[in-house]
Amino acid sequence: MEKELLYPVMNQYRFDQKLDGLWDFQFDEAAQGDAQGWPENGLSAAIQMPVPASFNDFFTDKASREYTGDFWYAKRVFVLSTLKGRTIALRFGAATHRAVVYVNGQEIRRHEGGFLPFTADITAEVKFDQENLVVVKLNNELHRDALPAGDTTVLKNGKKMAKPFFDFYNYSGLNRSVHLLALPQDRVTDYTVTTSLVGQTAHVAYRVTTSQATAQVTVTLQDVDGTVVATGHGRQGDLVVDQPHLWNVRAAYLYTLHIQLTTADQVVDEYHDQIGLRTVKIEGHQILVNGKPVYLKGFGRHEDSIYAGRAFDLNVEKRDFELMKWMGANSFRTSHYPYDEEVYRFADREGFLIIDEVPAVGFKMAAASFLGGLDQSFFDGDWTTALYQKHLDQITDMIHRDKNHPSVLAWSLLNEPDTSSKSAVPYFEKLFHDTKDLDPDQRPRTFTLNEDDTFETSYCKQFPDFYLLNRYPGWYHKWGYEISDGEAGLRAELDQWQASDIDKPVVFSEFGADTEPGLHKLPSVMWSEEYQIELLQMFDRVFDSYDFIRGEQPWNLADFQTVEGNMRVNGNKKGLFTRDRQPKAAAFYLRQRWHQIHNDF
Ligand code: GCB
């Protein structure tokens, strides 16, 4: 059960109840909760905390907002006896960064990784027609051998403090929904679909895994009118669809896949999901969707909003999609961690392409520059063996969770790792080798190259199927009046890519300027709305000069919260939109451009 990550559905065989709302909550600075019996008795001095939410921004005192260490959630959950006989489970959408789940005093499971779901099988502990005490101990410390990477230090006053090697706030808590599930014993545990196109026919290869080997599997595919267009029998097969409605960029079409399990002619389980028929491929320096070149227009993003921090919020997500559509965008990167599953479902419906990123961020000591910077190659560290296993586990879970989404175009295995030191190479060799066959759809794999990791300096250029470049001329160097030198430097690097025998697409996955909304200046100065436009215009001139540049994703869709520091004025302000999702002047500029260029998808 632990590895079952199917998105919950409700039908006559499957029960799904969200446990969102107010939970008991308590910090545990001295890590005494276990000794004091919190798993059996509940929390000793709880306050109330919304779920899903990050706890941080609700507090008005700094020590609570910055709290680092163990903290606990608890809720009493009534389970009806009508669910008896089924597998009863709790499904956590995300718990930052490590969790221990207890039910009625018994430890059920542990999990590490704050941005991916996990399930806890509580069948053996659950009491029916009674309240069950669900207790979760979380820990939000950062370490070099964990994802995302950072340090946890202890201040002289005894308080722990998180020091991220990354530029987003260490928002912590139960950031996504918690579900109570009741599933048939004999059930569908996973499925996979991959599409290939032959002329006017789509072949959807499917594979279904089940908890028991004896049940019969039937799979049907229905179009939007509910008409069955293909049927398959057995755990594995090919659904053939003539004249298919393909899933296309910004022109999505979703079929419904129904999986039915029967034993002795009795239906024992049903699962359904929406899927899209499409192919993705890299050919030369083109990104092809259904054999047609696409140019990515979109954003690096964050799950970030006021009050609830990194919590998934359907309202914010809806607004973000409306903004991205208004802009003429067709894609985004889930920088710097896999997002809530609802995000992928939005993208499936709206025809957006996703570069799905694992939280392998902070793998560069100099990137801790927000904190003073550390002068050492990250991959020389003795923490990399432990880190590697967690990294691979999280890539495995991300691909496992997201593999059936037509919107997912590619996997980003790291953000801005230190690749300009040779010690990165063995890590990358192993990582790219070990992840090669995880995705049945064989989507391209990539990672973002930081400013210091250039055509000349990176030792890891051989690994990605296409390149993601994060580049900040005009902001972190050659800024202000010097921006023309920044443009010249960028062109010089791109000329080297062009002159090389590497024929792979390059996507600019980050570039931008911090901009204080409402700050106007003629002529421009850095931080003004005018400067943000001028910087984008500079990049756009460059993009339009090289055919192998196949996408532009400015940093960031919206302003977002970071650690405090002398580089940040209440967070990162490189958003085209403010944190409350209103446009800066640059949004109008870029909107016009994106409605004019590469509109043939
Ligand atoms: C980067 C990082 C991103 C930062 C951004 C910035 O290269 O990938 O997480 O927020 O730069 O604005 O400095």
# chains A, B, ... in the order shown; residues from 1 in each chain; ligands from 1
$ residues_near_ligand --ligand "ligand 1" --cutoff "9 Å" --atoms "only C-alpha atoms and all ligand atoms" --output "NGL selection string"
:A and (166-168 or 300 or 335-336 or 361-362 or 367 or 370 or 415-416 or 448-451 or 470-472 or 476 or 509-514 or 555-556 or 560 or 562 or 567 or 572-574)
$ residues_around --residues "segment 452-465 of chain A" --least-positions-apart "4" --cutoff "6 Å" --atoms "only C-alpha atoms" --output "NGL selection string"
:A and (419-420 or 444-446)
$ write_last_selection --atoms "all heavy atoms" --output "compact mmCIF listing (two decimals), in the first residue's frame"
# COMPACT_ATOMS: atom_id res chain seq x y z
N THR A 419 27.72 22.36 -11.36
CA THR A 419 28.28 21.43 -12.35
C THR A 419 29.61 21.94 -12.91
O THR A 419 30.12 21.39 -13.87
CB THR A 419 27.30 21.18 -13.52
OG1 THR A 419 27.18 22.38 -14.29
CG2 THR A 419 25.95 20.73 -13.05
N SER A 420 30.12 23.01 -12.32
CA SER A 420 31.40 23.48 -12.86
C SER A 420 32.57 22.94 -12.05
O SER A 420 33.68 23.46 -12.11
CB SER A 420 31.42 25.01 -12.95
OG SER A 420 30.95 25.57 -11.78
N PRO A 444 11.70 13.56 -21.99
CA PRO A 444 13.04 14.09 -21.84
C PRO A 444 13.35 14.45 -20.39
O PRO A 444 12.47 14.84 -19.63
CB PRO A 444 13.03 15.36 -22.71
CG PRO A 444 11.64 15.55 -23.18
CD PRO A 444 10.86 14.32 -22.92
N ARG A 445 14.65 14.30 -20.03
CA ARG A 445 15.11 14.67 -18.69
C ARG A 445 16.12 15.81 -18.80
O ARG A 445 16.91 15.86 -19.75
CB ARG A 445 15.76 13.47 -18.00
CG ARG A 445 14.75 12.40 -17.62
CD ARG A 445 15.44 11.09 -17.30
NE ARG A 445 16.24 10.64 -18.41
CZ ARG A 445 17.36 9.92 -18.28
NH1 ARG A 445 17.79 9.56 -17.10
NH2 ARG A 445 18.04 9.54 -19.35
N THR A 446 16.06 16.70 -17.84
CA THR A 446 16.89 17.88 -17.94
C THR A 446 17.20 18.41 -16.54
O THR A 446 16.81 17.82 -15.54
CB THR A 446 16.18 18.95 -18.82
OG1 THR A 446 17.04 20.06 -18.99
CG2 THR A 446 14.86 19.40 -18.23
$ residues_around --residues "Leu590 of chain A" --least-positions-apart "5" --cutoff "9 Å" --atoms "only C-alpha atoms" --output "mmCIF file with N, CA, C and O atoms, in the first residue's frame"
data_model
loop_
_atom_site.group_PDB
_atom_site.id
_atom_site.type_symbol
_atom_site.label_atom_id
_atom_site.label_comp_id
_atom_site.auth_asym_id
_atom_site.auth_seq_id
_atom_site.Cartn_x
_atom_site.Cartn_y
_atom_site.Cartn_z
ATOM 1 N N MET A 327 -1.925 36.030 -20.474
ATOM 2 C CA MET A 327 -0.600 36.378 -20.986
ATOM 3 C C MET A 327 -0.305 35.743 -22.341
ATOM 4 O O MET A 327 0.594 36.177 -23.060
ATOM 5 N N GLY A 328 -1.028 34.674 -22.669
ATOM 6 C CA GLY A 328 -0.693 33.929 -23.888
ATOM 7 C C GLY A 328 0.363 32.867 -23.622
ATOM 8 O O GLY A 328 1.055 32.430 -24.531
ATOM 9 N N ILE A 533 10.798 45.991 -17.922
ATOM 10 C CA ILE A 533 10.440 45.867 -19.341
ATOM 11 C C ILE A 533 11.702 45.885 -20.206
ATOM 12 O O ILE A 533 11.864 45.065 -21.116
ATOM 13 N N LEU A 536 13.445 42.586 -20.106
ATOM 14 C CA LEU A 536 12.759 41.563 -20.910
ATOM 15 C C LEU A 536 12.985 41.813 -22.396
ATOM 16 O O LEU A 536 13.203 40.880 -23.169
ATOM 17 N N GLN A 537 12.960 43.086 -22.781
ATOM 18 C CA GLN A 537 13.178 43.403 -24.203
ATOM 19 C C GLN A 537 14.577 42.972 -24.646
ATOM 20 O O GLN A 537 14.759 42.468 -25.750
ATOM 21 N N LEU A 576 6.080 38.946 -12.676
ATOM 22 C CA LEU A 576 5.388 39.801 -13.643
ATOM 23 C C LEU A 576 4.101 40.293 -13.012
ATOM 24 O O LEU A 576 3.511 41.277 -13.433
ATOM 25 N N HIS A 595 1.357 37.132 -27.610
ATOM 26 C CA HIS A 595 0.227 36.961 -28.526
ATOM 27 C C HIS A 595 0.672 37.108 -29.975
ATOM 28 O O HIS A 595 -0.084 36.797 -30.895
#
$ select_by_dssp --residues "segment 411-535 of chain A" --states "strand (DSSP E or B)" --output "count of residues only"
23
$ closest_atom_pairs --of "segment 122-221 of chain A" --to "segment 228-232 of chain A" --cutoff "8 Å" --atoms "only C-alpha atoms" --output "Markdown table"
| residue | atom | partner | partner_atom | distance |
| --- | --- | --- | --- | --- |
| A:Thr218 | CA | A:Gly232 | CA | 5.8 |
| A:Val219 | CA | A:Gly232 | CA | 4.9 |
| A:Thr220 | CA | A:Thr231 | CA | 4.4 |
| A:Leu221 | CA | A:Ala230 | CA | 5.3 |
$ write_last_selection --atoms "C-alpha atoms" --output "CSV table (one decimal), in the first residue's frame"
chain,number,residue,atom,x,y,z
A,218,THR,CA,-11.2,-4.6,-18.2
A,219,VAL,CA,-10.2,-1.2,-19.5
A,220,THR,CA,-12.4,1.2,-21.6
A,221,LEU,CA,-11.7,4.5,-23.1
$ residues_around --residues "Thr68 of chain A" --least-positions-apart "2" --cutoff "9 Å" --atoms "only C-alpha atoms" --output "MDAnalysis selection string"
chainID A and resid 29 64:66 70:71 139:142 152 159:162
$ residues_around --residues "Ile287 of chain A" --least-positions-apart "3" --cutoff "10 Å" --atoms "only C-alpha atoms" --output "PDB file with all heavy atoms, in the first residue's frame"
ATOM      1  N   VAL A 280       5.334  13.278 -27.056  1.00  0.00           N
ATOM      2  CA  VAL A 280       6.349  14.336 -26.925  1.00  0.00           C
ATOM      3  C   VAL A 280       7.697  13.742 -27.306  1.00  0.00           C
ATOM      4  O   VAL A 280       7.974  12.572 -27.048  1.00  0.00           O
ATOM      5  CB  VAL A 280       6.438  14.935 -25.497  1.00  0.00           C
ATOM      6  CG1 VAL A 280       5.167  15.622 -25.099  1.00  0.00           C
ATOM      7  CG2 VAL A 280       6.842  13.908 -24.466  1.00  0.00           C
ATOM      8  N   LYS A 281       8.506  14.580 -27.922  1.00  0.00           N
ATOM      9  CA  LYS A 281       9.791  14.101 -28.425  1.00  0.00           C
ATOM     10  C   LYS A 281      10.722  15.274 -28.632  1.00  0.00           C
ATOM     11  O   LYS A 281      10.273  16.371 -28.980  1.00  0.00           O
ATOM     12  CB  LYS A 281       9.534  13.413 -29.777  1.00  0.00           C
ATOM     13  CG  LYS A 281      10.550  12.385 -30.122  1.00  0.00           C
ATOM     14  CD  LYS A 281      10.166  11.636 -31.369  1.00  0.00           C
ATOM     15  CE  LYS A 281      11.394  10.854 -31.809  1.00  0.00           C
ATOM     16  NZ  LYS A 281      11.305  10.435 -33.170  1.00  0.00           N
ATOM     17  N   ILE A 282      12.005  15.026 -28.433  1.00  0.00           N
ATOM     18  CA  ILE A 282      13.011  16.025 -28.802  1.00  0.00           C
ATOM     19  C   ILE A 282      13.654  15.522 -30.085  1.00  0.00           C
ATOM     20  O   ILE A 282      14.102  14.372 -30.147  1.00  0.00           O
ATOM     21  CB  ILE A 282      14.103  16.145 -27.707  1.00  0.00           C
ATOM     22  CG1 ILE A 282      13.500  16.495 -26.358  1.00  0.00           C
ATOM     23  CG2 ILE A 282      15.198  17.123 -28.130  1.00  0.00           C
ATOM     24  CD1 ILE A 282      13.009  17.905 -26.197  1.00  0.00           C
ATOM     25  N   GLU A 283      13.679  16.363 -31.095  1.00  0.00           N
ATOM     26  CA  GLU A 283      14.335  15.967 -32.350  1.00  0.00           C
ATOM     27  C   GLU A 283      15.204  17.119 -32.801  1.00  0.00           C
ATOM     28  O   GLU A 283      14.686  18.210 -33.068  1.00  0.00           O
ATOM     29  CB  GLU A 283      13.268  15.664 -33.411  1.00  0.00           C
ATOM     30  CG  GLU A 283      13.577  14.411 -34.206  1.00  0.00           C
ATOM     31  CD  GLU A 283      12.403  14.053 -35.106  1.00  0.00           C
ATOM     32  OE1 GLU A 283      12.102  14.845 -36.019  1.00  0.00           O
ATOM     33  OE2 GLU A 283      11.774  13.008 -34.852  1.00  0.00           O
ATOM     34  N   GLY A 284      16.510  16.880 -32.847  1.00  0.00           N
ATOM     35  CA  GLY A 284      17.409  17.995 -33.132  1.00  0.00           C
ATOM     36  C   GLY A 284      17.162  19.082 -32.107  1.00  0.00           C
ATOM     37  O   GLY A 284      17.033  18.800 -30.918  1.00  0.00           O
ATOM     38  N   ASN A 290       3.065  15.894 -30.568  1.00  0.00           N
ATOM     39  CA  ASN A 290       2.349  15.282 -31.698  1.00  0.00           C
ATOM     40  C   ASN A 290       3.082  15.563 -33.014  1.00  0.00           C
ATOM     41  O   ASN A 290       2.456  15.841 -34.044  1.00  0.00           O
ATOM     42  CB  ASN A 290       0.902  15.786 -31.778  1.00  0.00           C
ATOM     43  CG  ASN A 290       0.130  15.456 -30.522  1.00  0.00           C
ATOM     44  OD1 ASN A 290       0.397  14.444 -29.882  1.00  0.00           O
ATOM     45  ND2 ASN A 290      -0.810  16.314 -30.137  1.00  0.00           N
ATOM     46  N   GLY A 291       4.387  15.542 -32.952  1.00  0.00           N
ATOM     47  CA  GLY A 291       5.206  15.720 -34.150  1.00  0.00           C
ATOM     48  C   GLY A 291       5.365  17.155 -34.597  1.00  0.00           C
ATOM     49  O   GLY A 291       6.070  17.441 -35.565  1.00  0.00           O
ATOM     50  N   LYS A 292       4.722  18.093 -33.887  1.00  0.00           N
ATOM     51  CA  LYS A 292       4.778  19.515 -34.297  1.00  0.00           C
ATOM     52  C   LYS A 292       5.657  20.312 -33.334  1.00  0.00           C
ATOM     53  O   LYS A 292       5.524  20.175 -32.113  1.00  0.00           O
ATOM     54  CB  LYS A 292       3.360  20.114 -34.250  1.00  0.00           C
ATOM     55  CG  LYS A 292       2.676  20.151 -35.609  1.00  0.00           C
ATOM     56  CD  LYS A 292       1.328  20.840 -35.520  1.00  0.00           C
ATOM     57  CE  LYS A 292       1.432  22.359 -35.417  1.00  0.00           C
ATOM     58  NZ  LYS A 292       0.110  22.993 -35.183  1.00  0.00           N
ATOM     59  N   PRO A 293       6.523  21.191 -33.865  1.00  0.00           N
ATOM     60  CA  PRO A 293       7.387  21.970 -32.971  1.00  0.00           C
ATOM     61  C   PRO A 293       6.576  22.913 -32.082  1.00  0.00           C
ATOM     62  O   PRO A 293       5.626  23.550 -32.551  1.00  0.00           O
ATOM     63  CB  PRO A 293       8.247  22.801 -33.934  1.00  0.00           C
ATOM     64  CG  PRO A 293       8.049  22.225 -35.286  1.00  0.00           C
ATOM     65  CD  PRO A 293       6.752  21.492 -35.280  1.00  0.00           C
ATOM     66  N   VAL A 294       6.968  22.983 -30.824  1.00  0.00           N
ATOM     67  CA  VAL A 294       6.357  23.976 -29.925  1.00  0.00           C
ATOM     68  C   VAL A 294       7.443  24.890 -29.376  1.00  0.00           C
ATOM     69  O   VAL A 294       8.587  24.478 -29.207  1.00  0.00           O
ATOM     70  CB  VAL A 294       5.587  23.383 -28.725  1.00  0.00           C
ATOM     71  CG1 VAL A 294       4.355  22.664 -29.151  1.00  0.00           C
ATOM     72  CG2 VAL A 294       6.467  22.494 -27.877  1.00  0.00           C
ATOM     73  N   TYR A 295       7.067  26.103 -29.108  1.00  0.00           N
ATOM     74  CA  TYR A 295       7.946  27.082 -28.478  1.00  0.00           C
ATOM     75  C   TYR A 295       7.316  27.381 -27.122  1.00  0.00           C
ATOM     76  O   TYR A 295       6.143  27.772 -27.047  1.00  0.00           O
ATOM     77  CB  TYR A 295       7.991  28.342 -29.353  1.00  0.00           C
ATOM     78  CG  TYR A 295       8.921  29.407 -28.839  1.00  0.00           C
ATOM     79  CD1 TYR A 295      10.262  29.430 -29.227  1.00  0.00           C
ATOM     80  CD2 TYR A 295       8.466  30.407 -27.975  1.00  0.00           C
ATOM     81  CE1 TYR A 295      11.125  30.414 -28.757  1.00  0.00           C
ATOM     82  CE2 TYR A 295       9.316  31.390 -27.502  1.00  0.00           C
ATOM     83  CZ  TYR A 295      10.641  31.390 -27.893  1.00  0.00           C
ATOM     84  OH  TYR A 295      11.490  32.372 -27.430  1.00  0.00           O
ATOM     85  N   LEU A 296       8.066  27.179 -26.054  1.00  0.00           N
ATOM     86  CA  LEU A 296       7.493  27.343 -24.715  1.00  0.00           C
ATOM     87  C   LEU A 296       7.435  28.815 -24.329  1.00  0.00           C
ATOM     88  O   LEU A 296       8.434  29.531 -24.383  1.00  0.00           O
ATOM     89  CB  LEU A 296       8.317  26.574 -23.680  1.00  0.00           C
ATOM     90  CG  LEU A 296       8.514  25.082 -23.926  1.00  0.00           C
ATOM     91  CD1 LEU A 296       9.271  24.453 -22.760  1.00  0.00           C
ATOM     92  CD2 LEU A 296       7.183  24.368 -24.133  1.00  0.00           C
ATOM     93  N   LEU A 409       5.618  17.472 -19.810  1.00  0.00           N
ATOM     94  CA  LEU A 409       6.465  17.434 -21.003  1.00  0.00           C
ATOM     95  C   LEU A 409       7.821  16.832 -20.697  1.00  0.00           C
ATOM     96  O   LEU A 409       8.412  16.136 -21.527  1.00  0.00           O
ATOM     97  CB  LEU A 409       6.657  18.882 -21.498  1.00  0.00           C
ATOM     98  CG  LEU A 409       7.747  19.142 -22.526  1.00  0.00           C
ATOM     99  CD1 LEU A 409       7.292  18.642 -23.886  1.00  0.00           C
ATOM    100  CD2 LEU A 409       8.095  20.618 -22.607  1.00  0.00           C
ATOM    101  N   PRO A 444      11.696  13.557 -21.992  1.00  0.00           N
ATOM    102  CA  PRO A 444      13.040  14.093 -21.841  1.00  0.00           C
ATOM    103  C   PRO A 444      13.354  14.447 -20.390  1.00  0.00           C
ATOM    104  O   PRO A 444      12.469  14.836 -19.631  1.00  0.00           O
ATOM    105  CB  PRO A 444      13.025  15.359 -22.707  1.00  0.00           C
ATOM    106  CG  PRO A 444      11.640  15.552 -23.182  1.00  0.00           C
ATOM    107  CD  PRO A 444      10.859  14.320 -22.920  1.00  0.00           C
ATOM    108  N   PHE A 466      17.537  18.212 -23.236  1.00  0.00           N
ATOM    109  CA  PHE A 466      17.497  19.587 -23.720  1.00  0.00           C
ATOM    110  C   PHE A 466      17.948  20.463 -22.564  1.00  0.00           C
ATOM    111  O   PHE A 466      18.046  19.993 -21.416  1.00  0.00           O
ATOM    112  CB  PHE A 466      16.112  19.978 -24.254  1.00  0.00           C
ATOM    113  CG  PHE A 466      15.035  20.120 -23.228  1.00  0.00           C
ATOM    114  CD1 PHE A 466      14.592  21.371 -22.812  1.00  0.00           C
ATOM    115  CD2 PHE A 466      14.407  18.995 -22.691  1.00  0.00           C
ATOM    116  CE1 PHE A 466      13.582  21.504 -21.866  1.00  0.00           C
ATOM    117  CE2 PHE A 466      13.400  19.114 -21.753  1.00  0.00           C
ATOM    118  CZ  PHE A 466      12.985  20.371 -21.338  1.00  0.00           C
ATOM    119  N   LYS A 504      20.629  20.442 -29.593  1.00  0.00           N
ATOM    120  CA  LYS A 504      19.505  20.176 -28.684  1.00  0.00           C
ATOM    121  C   LYS A 504      18.820  21.503 -28.392  1.00  0.00           C
ATOM    122  O   LYS A 504      19.472  22.552 -28.418  1.00  0.00           O
ATOM    123  CB  LYS A 504      20.015  19.590 -27.363  1.00  0.00           C
ATOM    124  CG  LYS A 504      20.612  18.200 -27.474  1.00  0.00           C
ATOM    125  CD  LYS A 504      21.072  17.716 -26.109  1.00  0.00           C
ATOM    126  CE  LYS A 504      21.835  16.412 -26.223  1.00  0.00           C
ATOM    127  NZ  LYS A 504      22.370  15.969 -24.921  1.00  0.00           N
ATOM    128  N   PRO A 505      17.521  21.466 -28.068  1.00  0.00           N
ATOM    129  CA  PRO A 505      16.832  22.724 -27.764  1.00  0.00           C
ATOM    130  C   PRO A 505      17.371  23.368 -26.486  1.00  0.00           C
ATOM    131  O   PRO A 505      17.789  22.667 -25.563  1.00  0.00           O
ATOM    132  CB  PRO A 505      15.375  22.306 -27.541  1.00  0.00           C
ATOM    133  CG  PRO A 505      15.269  20.900 -27.984  1.00  0.00           C
ATOM    134  CD  PRO A 505      16.632  20.299 -27.978  1.00  0.00           C
ATOM    135  N   VAL A 506      17.316  24.674 -26.455  1.00  0.00           N
ATOM    136  CA  VAL A 506      17.648  25.441 -25.252  1.00  0.00           C
ATOM    137  C   VAL A 506      16.395  26.222 -24.860  1.00  0.00           C
ATOM    138  O   VAL A 506      15.780  26.886 -25.701  1.00  0.00           O
ATOM    139  CB  VAL A 506      18.815  26.421 -25.521  1.00  0.00           C
ATOM    140  CG1 VAL A 506      18.964  27.421 -24.379  1.00  0.00           C
ATOM    141  CG2 VAL A 506      20.131  25.656 -25.724  1.00  0.00           C
ATOM    142  N   VAL A 507      16.007  26.109 -23.601  1.00  0.00           N
ATOM    143  CA  VAL A 507      14.879  26.898 -23.088  1.00  0.00           C
ATOM    144  C   VAL A 507      15.433  27.798 -21.988  1.00  0.00           C
ATOM    145  O   VAL A 507      16.168  27.324 -21.117  1.00  0.00           O
ATOM    146  CB  VAL A 507      13.766  25.975 -22.531  1.00  0.00           C
ATOM    147  CG1 VAL A 507      12.699  26.777 -21.799  1.00  0.00           C
ATOM    148  CG2 VAL A 507      13.142  25.152 -23.653  1.00  0.00           C
ATOM    149  N   PHE A 548      17.770  27.798 -32.091  1.00  0.00           N
ATOM    150  CA  PHE A 548      17.767  26.657 -31.163  1.00  0.00           C
ATOM    151  C   PHE A 548      17.170  27.029 -29.809  1.00  0.00           C
ATOM    152  O   PHE A 548      16.998  26.165 -28.948  1.00  0.00           O
ATOM    153  CB  PHE A 548      19.177  26.064 -30.990  1.00  0.00           C
ATOM    154  CG  PHE A 548      20.178  27.027 -30.397  1.00  0.00           C
ATOM    155  CD1 PHE A 548      20.328  27.129 -29.024  1.00  0.00           C
ATOM    156  CD2 PHE A 548      20.952  27.834 -31.219  1.00  0.00           C
ATOM    157  CE1 PHE A 548      21.243  28.019 -28.472  1.00  0.00           C
ATOM    158  CE2 PHE A 548      21.875  28.716 -30.676  1.00  0.00           C
ATOM    159  CZ  PHE A 548      22.015  28.821 -29.301  1.00  0.00           C
ATOM    160  N   ARG A 550      14.195  27.450 -27.783  1.00  0.00           N
ATOM    161  CA  ARG A 550      12.839  26.932 -28.024  1.00  0.00           C
ATOM    162  C   ARG A 550      11.893  27.250 -26.873  1.00  0.00           C
ATOM    163  O   ARG A 550      10.864  26.592 -26.731  1.00  0.00           O
ATOM    164  CB  ARG A 550      12.890  25.415 -28.285  1.00  0.00           C
ATOM    165  CG  ARG A 550      13.712  25.017 -29.495  1.00  0.00           C
ATOM    166  CD  ARG A 550      13.313  25.730 -30.790  1.00  0.00           C
ATOM    167  NE  ARG A 550      11.916  25.537 -31.101  1.00  0.00           N
ATOM    168  CZ  ARG A 550      11.197  26.327 -31.923  1.00  0.00           C
ATOM    169  NH1 ARG A 550      11.756  27.387 -32.465  1.00  0.00           N
ATOM    170  NH2 ARG A 550       9.939  26.059 -32.150  1.00  0.00           N
ATOM    171  N   GLY A 551      12.238  28.267 -26.113  1.00  0.00           N
ATOM    172  CA  GLY A 551      11.280  28.651 -25.080  1.00  0.00           C
ATOM    173  C   GLY A 551      11.818  29.716 -24.155  1.00  0.00           C
ATOM    174  O   GLY A 551      13.036  29.901 -24.028  1.00  0.00           O
TER     175      GLY A 551
END
$ residues_around --residues "Pro523 of chain A" --least-positions-apart "3" --cutoff "12 Å" --atoms "only C-alpha atoms" --output "NGL selection string"
:A and (480-481 or 520 or 526 or 528-531 or 534)
$ atom_distance --atom1 "atom CA of Thr578 of chain A" --atom2 "atom CA of Glu487 of chain A"
26.5 Å
$ closest_residue --among "A:Phe352, A:Tyr206, A:Tyr171, A:Tyr589" --to "Trp247 of chain A" --atoms "only C-alpha atoms"
A:Phe352
$ closest_residue --among "A:Phe447, A:Trp594, A:Trp383, A:Phe332" --to "Leu557 of chain A" --atoms "only C-alpha atoms"
A:Phe332
$ decode --residues "segment 405-426 of chain A" --atoms "C-alpha atoms" --output "PDB file, in the first residue's frame"
ATOM      1  CA  HIS A 405      -0.528  13.546 -17.184  1.00  0.00           C
ATOM      2  CA  PRO A 406      -0.523  14.653 -20.816  1.00  0.00           C
ATOM      3  CA  SER A 407       0.606  18.082 -19.597  1.00  0.00           C
ATOM      4  CA  VAL A 408       3.920  16.772 -18.285  1.00  0.00           C
ATOM      5  CA  LEU A 409       6.465  17.434 -21.003  1.00  0.00           C
ATOM      6  CA  ALA A 410       9.734  16.771 -19.217  1.00  0.00           C
ATOM      7  CA  TRP A 411      11.376  15.992 -15.885  1.00  0.00           C
ATOM      8  CA  SER A 412      13.736  18.502 -14.318  1.00  0.00           C
ATOM      9  CA  LEU A 413      16.020  16.482 -12.068  1.00  0.00           C
ATOM     10  CA  LEU A 414      17.809  19.422 -10.407  1.00  0.00           C
ATOM     11  CA  ASN A 415      17.763  23.202 -10.204  1.00  0.00           C
ATOM     12  CA  GLU A 416      21.109  24.947 -10.520  1.00  0.00           C
ATOM     13  CA  PRO A 417      23.415  22.249  -9.180  1.00  0.00           C
ATOM     14  CA  ASP A 418      27.118  22.998  -9.079  1.00  0.00           C
ATOM     15  CA  THR A 419      28.280  21.428 -12.348  1.00  0.00           C
ATOM     16  CA  SER A 420      31.400  23.484 -12.855  1.00  0.00           C
ATOM     17  CA  SER A 421      33.398  21.171 -10.663  1.00  0.00           C
ATOM     18  CA  LYS A 422      34.375  17.691 -11.865  1.00  0.00           C
ATOM     19  CA  SER A 423      33.082  16.070  -8.710  1.00  0.00           C
ATOM     20  CA  ALA A 424      29.541  16.532 -10.051  1.00  0.00           C
ATOM     21  CA  VAL A 425      30.111  14.097 -12.915  1.00  0.00           C
ATOM     22  CA  PRO A 426      29.855  10.720 -11.107  1.00  0.00           C
TER      23      PRO A 426
END
